[in-house]
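A.B. asks: Sharing data.cif here; it has mmCIF, C-alpha atoms.
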data_upload
loop_
_atom_site.label_atom_id
_atom_site.label_comp_id
_atom_site.auth_asym_id
_atom_site.auth_seq_id
_atom_site.Cartn_x
_atom_site.Cartn_y
_atom_site.Cartn_z
CA MET A 1 81.27 80.63 105.42
CA THR A 2 77.81 82.15 105.76
CA SER A 3 75.60 83.66 108.40
CA GLY A 4 71.86 83.26 108.57
CA GLY A 5 71.20 86.68 110.07
CA PRO A 6 69.45 89.40 108.09
CA PRO A 7 71.47 92.24 106.56
CA MET A 8 71.69 95.43 108.55
CA ILE A 9 70.92 98.57 106.57
CA ILE A 10 70.65 102.04 108.07
CA ILE A 11 69.88 105.14 106.03
CA ILE A 12 71.06 108.42 107.50
CA SER A 13 68.50 111.23 107.30
CA LYS A 14 68.56 113.37 104.19
CA HIS A 15 67.88 116.50 106.21
CA LEU A 16 70.53 119.05 105.25
CA GLY A 17 70.94 120.32 108.82
CA LEU A 18 71.85 116.86 110.10
CA SER A 19 74.31 116.45 107.25
CA LEU A 20 75.98 119.73 108.16
CA LEU A 21 76.16 118.81 111.85
CA LEU A 22 77.71 115.46 110.93
CA PHE A 23 80.39 117.12 108.80
CA LEU A 24 81.21 119.66 111.53
CA PHE A 25 81.45 116.91 114.12
CA LEU A 26 83.84 114.92 111.95
CA ALA A 27 86.00 117.95 111.25
CA ASN A 28 86.18 118.88 114.95
CA ALA A 29 86.94 115.30 115.98
CA THR A 30 89.73 115.17 113.40
CA ALA A 31 91.36 118.35 114.71
CA ALA A 32 91.03 117.22 118.32
CA VAL A 33 93.03 114.00 117.99
CA ARG A 34 95.81 114.93 115.60
CA ALA A 35 98.29 115.99 118.27
CA LYS A 36 97.73 113.12 120.72
CA SER A 37 99.84 110.26 119.40
CA PRO A 38 103.24 111.32 118.03
CA GLY A 39 104.11 107.69 117.19
CA MET A 40 101.31 107.50 114.63
CA ASN A 41 101.38 108.98 111.17
CA ILE A 42 99.08 111.85 110.31
CA ILE A 43 96.34 109.63 108.84
CA ASP A 44 96.17 107.38 111.88
CA GLN A 45 96.34 110.27 114.33
CA CYS A 46 93.16 111.54 112.72
CA TRP A 47 90.96 108.62 113.84
CA ARG A 48 92.78 105.84 115.74
CA THR A 49 93.01 107.69 119.05
CA ASN A 50 89.23 107.95 119.18
CA GLN A 51 88.03 105.14 121.46
CA ASN A 52 84.57 105.53 119.95
CA TRP A 53 85.78 104.98 116.38
CA ALA A 54 83.22 102.19 115.85
CA ARG A 55 80.36 104.61 116.54
CA ASN A 56 82.01 107.28 114.40
CA ARG A 57 83.24 105.25 111.44
CA GLN A 58 82.63 108.03 108.95
CA GLN A 59 85.27 110.17 110.69
CA LEU A 60 87.71 108.16 108.57
CA ALA A 61 86.56 110.08 105.48
CA THR A 62 88.15 113.28 106.83
CA CYS A 63 91.56 111.62 107.33
CA SER A 64 92.81 110.99 103.81
CA ILE A 65 95.70 112.98 102.35
CA GLY A 66 97.54 113.13 99.05
CA PHE A 67 95.98 113.26 95.61
CA ALA A 68 92.72 111.58 96.66
CA GLY A 69 92.03 114.57 98.88
CA LYS A 70 89.41 114.36 101.62
CA MET A 71 86.78 111.67 101.06
CA THR A 72 83.90 113.69 102.49
CA ASN A 73 81.78 112.97 99.40
CA ASN A 74 81.41 109.49 100.91
CA VAL A 75 79.51 110.73 103.99
CA GLY A 76 76.66 113.05 104.87
CA ARG A 77 73.19 113.35 103.44
CA GLY A 78 71.59 110.14 102.19
CA LEU A 79 74.30 107.76 103.43
CA THR A 80 73.32 104.09 103.74
CA VAL A 81 75.20 102.07 106.37
CA TYR A 82 75.18 98.40 105.34
CA THR A 83 76.48 95.42 107.33
CA VAL A 84 77.79 92.29 105.64
CA THR A 85 76.42 89.25 107.47
CA ASP A 86 76.88 86.56 104.80
CA ALA A 87 80.26 85.53 103.34
CA SER A 88 78.80 83.72 100.33
CA ASP A 89 78.82 85.15 96.81
CA ASP A 90 76.51 84.97 93.82
CA PRO A 91 77.89 87.09 90.96
CA MET A 92 74.54 87.34 89.13
CA LYS A 93 71.91 87.29 91.90
CA PRO A 94 73.60 88.65 95.03
CA ARG A 95 71.68 88.05 98.24
CA GLN A 96 71.02 90.74 100.81
CA GLY A 97 73.66 90.52 103.49
CA THR A 98 76.51 89.70 101.10
CA LEU A 99 79.34 92.03 100.19
CA ARG A 100 78.38 92.00 96.50
CA TYR A 101 74.84 93.14 97.30
CA GLY A 102 76.09 96.14 99.28
CA ALA A 103 78.73 97.10 96.72
CA THR A 104 76.49 96.88 93.64
CA MET A 105 72.76 96.93 94.41
CA LEU A 106 72.35 99.93 96.72
CA LYS A 107 71.98 103.44 95.33
CA GLY A 108 73.77 106.58 96.49
CA LYS A 109 76.42 106.74 99.20
CA VAL A 110 77.09 103.42 100.93
CA TRP A 111 79.30 102.65 103.94
CA ILE A 112 79.89 98.91 104.26
CA LYS A 113 81.04 97.20 107.46
CA PHE A 114 81.22 93.55 108.56
CA GLN A 115 79.30 91.77 111.31
CA LYS A 116 82.08 89.33 112.17
CA ASP A 117 85.30 87.69 110.95
CA MET A 118 84.89 86.06 107.54
CA GLN A 119 86.66 84.83 104.43
CA ILE A 120 84.94 85.78 101.19
CA LYS A 121 85.64 83.81 98.04
CA LEU A 122 84.39 85.93 95.15
CA GLU A 123 83.21 83.89 92.17
CA LYS A 124 83.67 86.88 89.81
CA PRO A 125 85.45 90.24 90.29
CA LEU A 126 83.55 92.57 92.61
CA LEU A 127 82.62 95.69 90.63
CA ILE A 128 82.28 98.42 93.24
CA SER A 129 79.89 101.35 92.85
CA SER A 130 80.89 105.01 93.13
CA PHE A 131 80.56 106.66 96.55
CA THR A 132 81.18 103.34 98.34
CA ALA A 133 83.38 102.77 101.40
CA ILE A 134 84.28 99.18 102.31
CA ASP A 135 85.43 99.32 105.92
CA GLY A 136 86.86 96.14 107.46
CA ARG A 137 87.59 97.57 110.91
CA GLY A 138 86.30 95.47 113.80
CA ALA A 139 86.46 92.18 111.87
CA ASN A 140 89.15 90.00 110.33
CA VAL A 141 88.04 89.98 106.69
CA HIS A 142 89.89 88.08 103.96
CA ILE A 143 89.16 88.38 100.25
CA ALA A 144 90.88 85.20 99.17
CA HIS A 145 91.04 82.10 96.97
CA GLY A 146 88.69 83.54 94.37
CA THR A 147 88.66 86.70 92.30
CA CYS A 148 89.07 90.12 93.86
CA PHE A 149 88.16 93.83 93.42
CA LEU A 150 87.62 95.84 90.24
CA LEU A 151 86.98 99.60 90.35
CA HIS A 152 85.87 100.36 86.79
CA GLU A 153 85.06 103.95 85.82
CA VAL A 154 83.95 104.93 89.32
CA THR A 155 84.71 107.74 91.74
CA ASN A 156 84.88 108.34 95.50
CA VAL A 157 85.71 104.83 96.69
CA ILE A 158 87.44 103.87 99.96
CA ILE A 159 88.92 100.39 100.52
CA HIS A 160 90.06 100.02 104.13
CA GLY A 161 91.11 97.28 106.50
CA LEU A 162 90.95 94.10 104.38
CA HIS A 163 93.26 91.18 103.63
CA PHE A 164 93.71 90.28 99.95
CA HIS A 165 95.54 87.11 98.99
CA HIS A 166 95.49 84.21 96.54
CA CYS A 167 93.37 86.15 94.06
CA HIS A 168 92.87 84.10 90.90
CA LYS A 169 92.48 85.06 87.27
CA PRO A 170 88.74 84.89 86.47
CA ASN A 171 87.10 83.53 83.36
CA PRO A 172 85.37 86.09 81.10
CA GLY A 173 81.62 86.35 81.45
CA PRO A 174 78.69 88.29 82.90
CA VAL A 175 78.60 89.75 86.39
CA ILE A 176 76.39 92.19 88.26
CA GLY A 177 77.91 95.67 88.29
CA PRO A 178 77.00 99.02 89.87
CA GLY A 179 73.30 99.75 89.89
CA GLY A 180 72.49 96.06 89.46
CA LYS A 181 73.35 96.19 85.76
CA ILE A 182 74.83 93.18 84.02
CA VAL A 183 78.39 93.74 82.80
CA GLN A 184 80.15 91.46 80.33
CA LEU A 185 83.70 91.15 81.60
CA GLY A 186 86.50 90.28 79.24
CA ARG A 187 89.94 89.03 80.19
CA GLN A 188 91.11 90.07 83.66
CA ASP A 189 94.60 89.65 85.06
CA GLY A 190 93.91 88.40 88.56
CA ASP A 191 94.96 91.49 90.53
CA ALA A 192 93.96 92.01 94.15
CA ILE A 193 92.68 95.53 93.42
CA ALA A 194 92.41 96.85 89.85
CA ILE A 195 91.58 100.55 89.46
CA VAL A 196 90.54 101.22 85.85
CA GLY A 197 89.44 104.60 84.50
CA SER A 198 88.53 105.79 87.99
CA THR A 199 89.12 108.94 90.06
CA LYS A 200 89.34 109.93 93.70
CA ILE A 201 90.20 106.54 95.18
CA TRP A 202 91.69 105.86 98.63
CA ILE A 203 93.29 102.47 99.39
CA ASP A 204 94.29 102.40 103.08
CA HIS A 205 95.40 99.87 105.72
CA ASN A 206 95.07 96.68 103.68
CA THR A 207 97.32 93.62 103.65
CA LEU A 208 98.05 92.22 100.19
CA TYR A 209 100.12 89.23 99.08
CA GLU A 210 100.41 86.20 96.77
CA CYS A 211 97.98 86.95 93.95
CA HIS A 212 97.99 85.73 90.34
CA ASP A 213 99.23 88.96 88.74
CA GLY A 214 99.67 92.27 90.52
CA LEU A 215 98.56 93.38 93.95
CA LEU A 216 97.40 96.86 92.97
CA ASP A 217 96.99 98.39 89.49
CA VAL A 218 96.05 101.99 88.63
CA THR A 219 95.40 102.12 84.89
CA ARG A 220 93.50 103.50 81.87
CA GLY A 221 93.25 107.15 82.83
CA SER A 222 92.76 106.67 86.57
CA THR A 223 93.92 109.61 88.64
CA ASP A 224 93.75 111.30 92.06
CA VAL A 225 94.57 108.14 93.98
CA THR A 226 96.12 107.76 97.44
CA ILE A 227 97.67 104.43 98.46
CA SER A 228 98.52 104.55 102.16
CA ASN A 229 99.29 102.39 105.20
CA ASN A 230 99.19 99.12 103.25
CA TRP A 231 101.45 96.11 103.73
CA PHE A 232 102.60 94.46 100.50
CA ASN A 233 104.60 91.26 100.92
CA ASN A 234 105.57 87.95 99.30
CA HIS A 235 104.87 88.97 95.74
CA ASP A 236 106.61 89.55 92.40
CA LYS A 237 104.86 92.44 90.59
CA VAL A 238 103.51 94.61 93.38
CA MET A 239 102.06 97.87 92.02
CA LEU A 240 101.53 99.12 88.47
CA LEU A 241 100.72 102.79 87.78
CA GLY A 242 99.86 103.27 84.10
CA HIS A 243 98.25 100.81 81.67
CA ASP A 244 100.78 100.32 78.87
CA ASP A 245 103.32 102.33 76.89
CA GLY A 246 100.76 103.32 74.25
CA PHE A 247 98.02 104.52 76.58
CA VAL A 248 98.77 108.24 76.65
CA MET A 249 95.70 109.13 78.76
CA ASP A 250 97.76 108.00 81.73
CA LYS A 251 99.78 111.20 81.38
CA ARG A 252 97.16 112.84 83.62
CA MET A 253 97.60 110.20 86.33
CA ARG A 254 98.49 111.48 89.81
CA VAL A 255 99.13 109.02 92.63
CA THR A 256 100.37 109.43 96.21
CA VAL A 257 102.10 106.38 97.74
CA ILE A 258 102.64 106.99 101.47
CA PHE A 259 103.23 105.13 104.76
CA ASN A 260 103.28 101.72 103.06
CA ARG A 261 105.47 98.76 103.96
CA PHE A 262 106.98 96.83 101.05
CA GLY A 263 108.35 93.44 101.99
CA PRO A 264 109.66 91.08 102.87
CA ASN A 265 109.99 89.15 99.62
CA CYS A 266 108.79 91.75 97.12
CA HIS A 267 110.59 91.55 93.77
CA GLN A 268 109.65 94.64 91.72
CA ARG A 269 107.08 97.40 90.93
CA MET A 270 106.94 99.35 94.19
CA PRO A 271 105.70 101.07 92.05
CA ARG A 272 106.33 100.80 88.30
CA VAL A 273 105.09 104.02 86.63
CA ARG A 274 104.14 104.82 83.02
CA HIS A 275 103.50 108.33 81.67
CA GLY A 276 102.05 109.91 84.83
CA TYR A 277 103.19 111.31 88.17
CA ALA A 278 103.89 109.52 91.44
CA HIS A 279 104.77 111.04 94.80
CA VAL A 280 106.35 108.21 96.80
CA THR A 281 107.02 109.28 100.37
CA ASN A 282 107.60 107.93 103.89
CA ASN A 283 107.49 104.27 102.81
CA LEU A 284 109.54 101.37 104.19
CA TYR A 285 111.30 99.12 101.66
CA GLN A 286 112.53 95.85 103.15
CA GLY A 287 114.62 94.74 100.20
CA TRP A 288 113.75 93.96 96.57
CA GLY A 289 114.80 91.60 93.82
CA MET A 290 114.91 93.36 90.44
CA TYR A 291 114.24 96.92 91.66
CA ALA A 292 112.03 98.99 93.98
CA ILE A 293 110.86 101.93 91.81
CA GLY A 294 110.79 101.68 88.02
CA GLY A 295 109.09 102.99 84.93
CA SER A 296 108.86 103.73 81.23
CA MET A 297 107.44 106.40 78.91
CA ASN A 298 108.82 109.46 80.73
CA PRO A 299 106.97 109.39 84.06
CA SER A 300 107.76 111.90 86.79
CA ILE A 301 108.61 110.43 90.19
CA ARG A 302 109.44 112.18 93.43
CA SER A 303 110.85 109.77 96.00
CA GLU A 304 110.85 111.61 99.31
CA ALA A 305 111.96 110.61 102.82
CA ASN A 306 111.65 106.88 102.22
CA LEU A 307 113.74 104.20 103.94
CA PHE A 308 115.35 101.87 101.39
CA ILE A 309 116.99 98.78 102.88
CA ALA A 310 118.81 96.98 100.07
CA PRO A 311 119.02 93.19 100.08
CA LYS A 312 122.28 91.82 101.45
CA SER A 313 122.98 90.22 98.10
CA SER A 314 121.79 90.93 94.54
CA ASN A 315 120.74 94.34 93.26
CA LYS A 316 121.38 97.45 95.35
CA ALA A 317 119.85 99.88 92.84
CA VAL A 318 116.49 101.28 93.89
CA THR A 319 115.55 102.40 90.36
CA TRP A 320 115.05 100.79 86.95
CA ARG A 321 114.18 102.40 83.63
CA GLU A 322 112.87 100.58 80.58
CA GLY A 323 113.63 101.80 77.07
CA GLY A 324 117.09 100.81 75.92
CA LYS A 325 120.49 102.47 76.01
CA GLY A 326 120.38 106.07 77.18
CA SER A 327 116.76 105.80 78.23
CA GLY A 328 115.56 108.08 80.96
CA LYS A 329 118.39 110.61 80.95
CA SER A 330 115.91 113.48 80.83
CA TRP A 331 113.17 111.92 82.94
CA ASN A 332 112.42 113.76 86.17
CA TRP A 333 113.16 111.21 88.87
CA GLN A 334 114.17 112.84 92.14
CA SER A 335 115.29 111.46 95.46
CA VAL A 336 114.74 113.99 98.25
CA ASN A 337 115.84 113.21 101.82
CA ASP A 338 115.64 109.44 101.30
CA HIS A 339 117.68 107.18 103.58
CA PHE A 340 119.67 104.28 102.13
CA VAL A 341 120.86 101.15 104.00
CA ASN A 342 123.02 98.18 102.93
CA GLY A 343 124.42 99.99 99.90
CA ALA A 344 121.10 101.00 98.36
CA TYR A 345 121.28 103.89 95.89
CA PHE A 346 118.88 105.92 93.74
CA LYS A 347 119.83 107.09 90.25
CA GLN A 348 118.40 110.58 89.79
CA THR A 349 117.67 112.03 86.37
CA GLY A 350 116.18 115.19 84.89
CA SER A 351 116.32 118.79 85.93
CA GLY A 352 113.95 118.76 88.88
CA GLY A 353 110.59 120.44 89.06
CA VAL A 354 108.65 117.38 90.26
CA ALA A 355 107.34 118.59 93.63
CA PRO A 356 103.65 117.66 93.99
CA ARG A 357 101.10 120.40 93.46
CA TYR A 358 98.72 119.60 96.27
CA ASN A 359 95.74 121.77 97.15
CA ARG A 360 94.77 122.52 100.75
CA TYR A 361 92.68 119.35 101.03
CA GLN A 362 95.54 117.16 99.79
CA ARG A 363 98.70 118.55 101.32
CA PHE A 364 100.44 117.18 104.40
CA LYS A 365 103.68 117.52 106.31
CA ILE A 366 106.30 114.97 105.27
CA ALA A 367 108.11 113.24 108.11
CA SER A 368 111.84 112.48 108.10
CA ALA A 369 113.12 109.18 106.76
CA GLY A 370 114.34 108.42 110.28
CA ALA A 371 110.73 108.21 111.45
CA VAL A 372 109.58 105.79 108.75
CA ARG A 373 109.94 102.61 110.81
CA THR A 374 107.65 104.07 113.45
CA LEU A 375 105.18 105.57 110.99
CA THR A 376 104.78 102.27 109.11
CA ARG A 377 104.78 99.85 112.04
CA SER A 378 100.98 99.51 111.83
CA SER A 379 100.83 99.18 108.04
CA GLY A 380 98.36 96.61 106.80
CA ALA A 381 94.93 95.60 108.04
CA LEU A 382 94.56 96.52 111.70
CA ARG A 383 93.02 94.24 114.29
CA CYS A 384 90.48 96.63 115.79
CA PHE A 385 88.23 95.86 118.72
CA THR A 386 85.01 97.84 118.82
CA ARG A 387 85.29 98.91 122.46
CA TYR A 388 88.92 99.98 122.38
CA ARG A 389 91.35 101.99 120.34
CA CYS A 390 92.23 100.52 117.00
#
Mind converting the file's structure to structure tokens?

C.D. replies:
Amino acid sequence: MTSGGPPMIIIISKHLGLSLLLFLFLANATAAVRAKSPGMNIIDQCWRTNQNWARNRQQLATCSIGFAGKMTNNVGRGLTVYTVTDASDDPMKPRQGTLRYGATMLKGKVWIKFQKDMQIKLEKPLLISSFTAIDGRGANVHIAHGTCFLLHEVTNVIIHGLHFHHCHKPNPGPVIGPGGKIVQLGRQDGDAIAIVGSTKIWIDHNTLYECHDGLLDVTRGSTDVTISNNWFNNHDKVMLLGHDDGFVMDKRMRVTVIFNRFGPNCHQRMPRVRHGYAHVTNNLYQGWGMYAIGGSMNPSIRSEANLFIAPKSSNKAVTWREGGKGSGKSWNWQSVNDHFVNGAYFKQTGSGGVAPRYNRYQRFKIASAGAVRTLTRSSGALRCFTRYRC
């Protein structure tokens, strides 16, 4: 599906005073709306109650929490606002108006939005540049039936408001990457979103299901990632945090998993963690097959105020540890104020000491497990109308 209209590109003034005024406006707008909608979680309270969200899209950058911190490096001086008008894809010569052109060919900070509803079939993985926000609000955008997103050694990236499904495993070969440079891609697994060697990434309010391999991978030294408000469903291997057992650089990995909905029909890896640290809090688990939270290679996991609803039949255990008999006895896996339904249970190990060390830009107040159904009821890509609240 394509559109013949020209691409829309707006460059915000580089004048420092305007940049400062923009930041102050966003900060004030954030503070003004936080207390207005008690049924929303803290991220959504920050921007969804603003009826003028479509005119103030960059307010979103002040709303992130967890290890990604605030995404204010994505806004301000020198920002280019780019509108996708064309759903076609050319992995080597992207046309202006296409998603690939906005994500790879433009320099500096880029905020990408969509002119209308569209389904984009990517011929090769989309390599997204640093300091890029892909914002699907106001349109029904599906990344489907082709390849999907690859964040490779980048920083300050926001992925918001998209549907990912039926992502296929691509063939190796050349593709345009950040800065318009040709990248020779090797074997890829067919994930919906693969985060590789990247930092300060926020994945928020997306719907993901039925892809070739995983739905979301954070690997090869990636860290400072927040995964929030997403809806994962109808999939086997949902989320992998940590590349493989031998990749020790993942010991520095820090990921916050918050306000997500897992299920129905998710089998395992919600998440599966290797080496690093995961704070998993205020998520809704609507059953599982093999397990909900698992890992290997001595990861630290703090499961806090989640709602675990075990399947009526099959496995009731939330956790799974790989490594043979006796494995994981000293691993720090804590369950704090979780709520368990239908016989679900969490096997704790270790001696504690796994509370997240958030700074003032990352920390947030954790809600009770009893509020999780309400706080996750809008998980997934939202249907936002530009003249009304989202």

A.B. asks: So which residues touch stretch 148-165 of chain A within 7 Å, counting all atoms listed in the file, skipping near sequence neighbours fewer than 2 positions away, as number ranges by chain?

C.D. replies: A: 71, 73-74, 122, 125-137, 141-144, 146, 167, 191-211, 381-382

A.B. asks: Leaving out A:Ile366 and any residue of its chain fewer than 5 positions from it, which residues lie within 8 Å of it when counting only C-alpha atoms, given as a VMD selection string?

C.D. replies: chain A and resid 281 to 282 305

A.B. asks: Would you kindly return, as a PyMOL selection string, each protein, DNA or RNA residue with an atom no farther than 6 Å from any atom of A:Ser228, considering all atoms listed in the file and excluding same-chain residues fewer than 3 positions away?

C.D. replies: chain A and resi 204+257-260

A.B. asks: Could you write out that same residue set with C-alpha atoms as a short mmCIF file (atom, residue, chain, number, x, y, z; two decimals), in the coordinates of the input?

C.D. replies:
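Below is the file selection_39.cif, written as the result:
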data_model
loop_
_atom_site.label_atom_id
_atom_site.label_comp_id
_atom_site.auth_asym_id
_atom_site.auth_seq_id
_atom_site.Cartn_x
_atom_site.Cartn_y
_atom_site.Cartn_z
CA ASP A 204 94.29 102.40 103.08
CA VAL A 257 102.10 106.38 97.74
CA ILE A 258 102.64 106.99 101.47
CA PHE A 259 103.23 105.13 104.76
CA ASN A 260 103.28 101.72 103.06
#

A.B. asks: Show which residues sit within 9 Å of A:Ser296, as a ChimeraX atom specification. Count only C-alpha atoms, and ignore same-chain residues fewer than 3 positions away.

C.D. replies: /A:245,272-275,299,320-323,327-328

A.B. asks: With all atoms listed in the file as the basis for distance, which of A:Asn332, A:Ser88, A:Asn229, A:Thr104 is at the shortest distance from A:Met40?

C.D. replies: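 Of all the options, A:Asn229 lies closest to A:Met40.
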
A.B. asks: Tell me which protein, DNA and RNA residues are within 7 Å of A:Phe262, counting all atoms listed in the file, leaving out same-chain ones fewer than 4 positions away, and put them as a list in words.

C.D. replies: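 Here the answer would be Trp231, Phe232, Asn233, Cys266, Leu284, Tyr285 and Gln286 of chain A.
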
A.B. asks: Would you work out the distance separating atom CA of A:Trp331 from atom CA of A:Ser351, expressed in Å to one decimal?

C.D. replies: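 These two atoms are separated by 8.1 Å.
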
A.B. asks: What do you get, as JSON, numbers by chain, if you spell out every residue that the PyMOL selection byres ((chain A and resi 390) around 9) selects here?

C.D. replies: {"A": [47, 48, 49, 50, 51, 53, 137, 138, 382, 383, 384, 385, 386, 387, 388, 389]}

A.B. asks: Which residues, named as in the file, does the PyMOL selection byres ((chain A and resi 289) around 7) pick out? Answer as a PyMOL selection string.

C.D. replies: chain A and resi 266-268+288+290-291+315

A.B. asks: Between A:Gly190, A:Pro356, A:Gly246, A:Gly370, which is the closest to A:Val341 once you count all atoms listed in the file?

C.D. replies: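 Closest to A:Val341, using all atoms listed in the file: A:Gly370.
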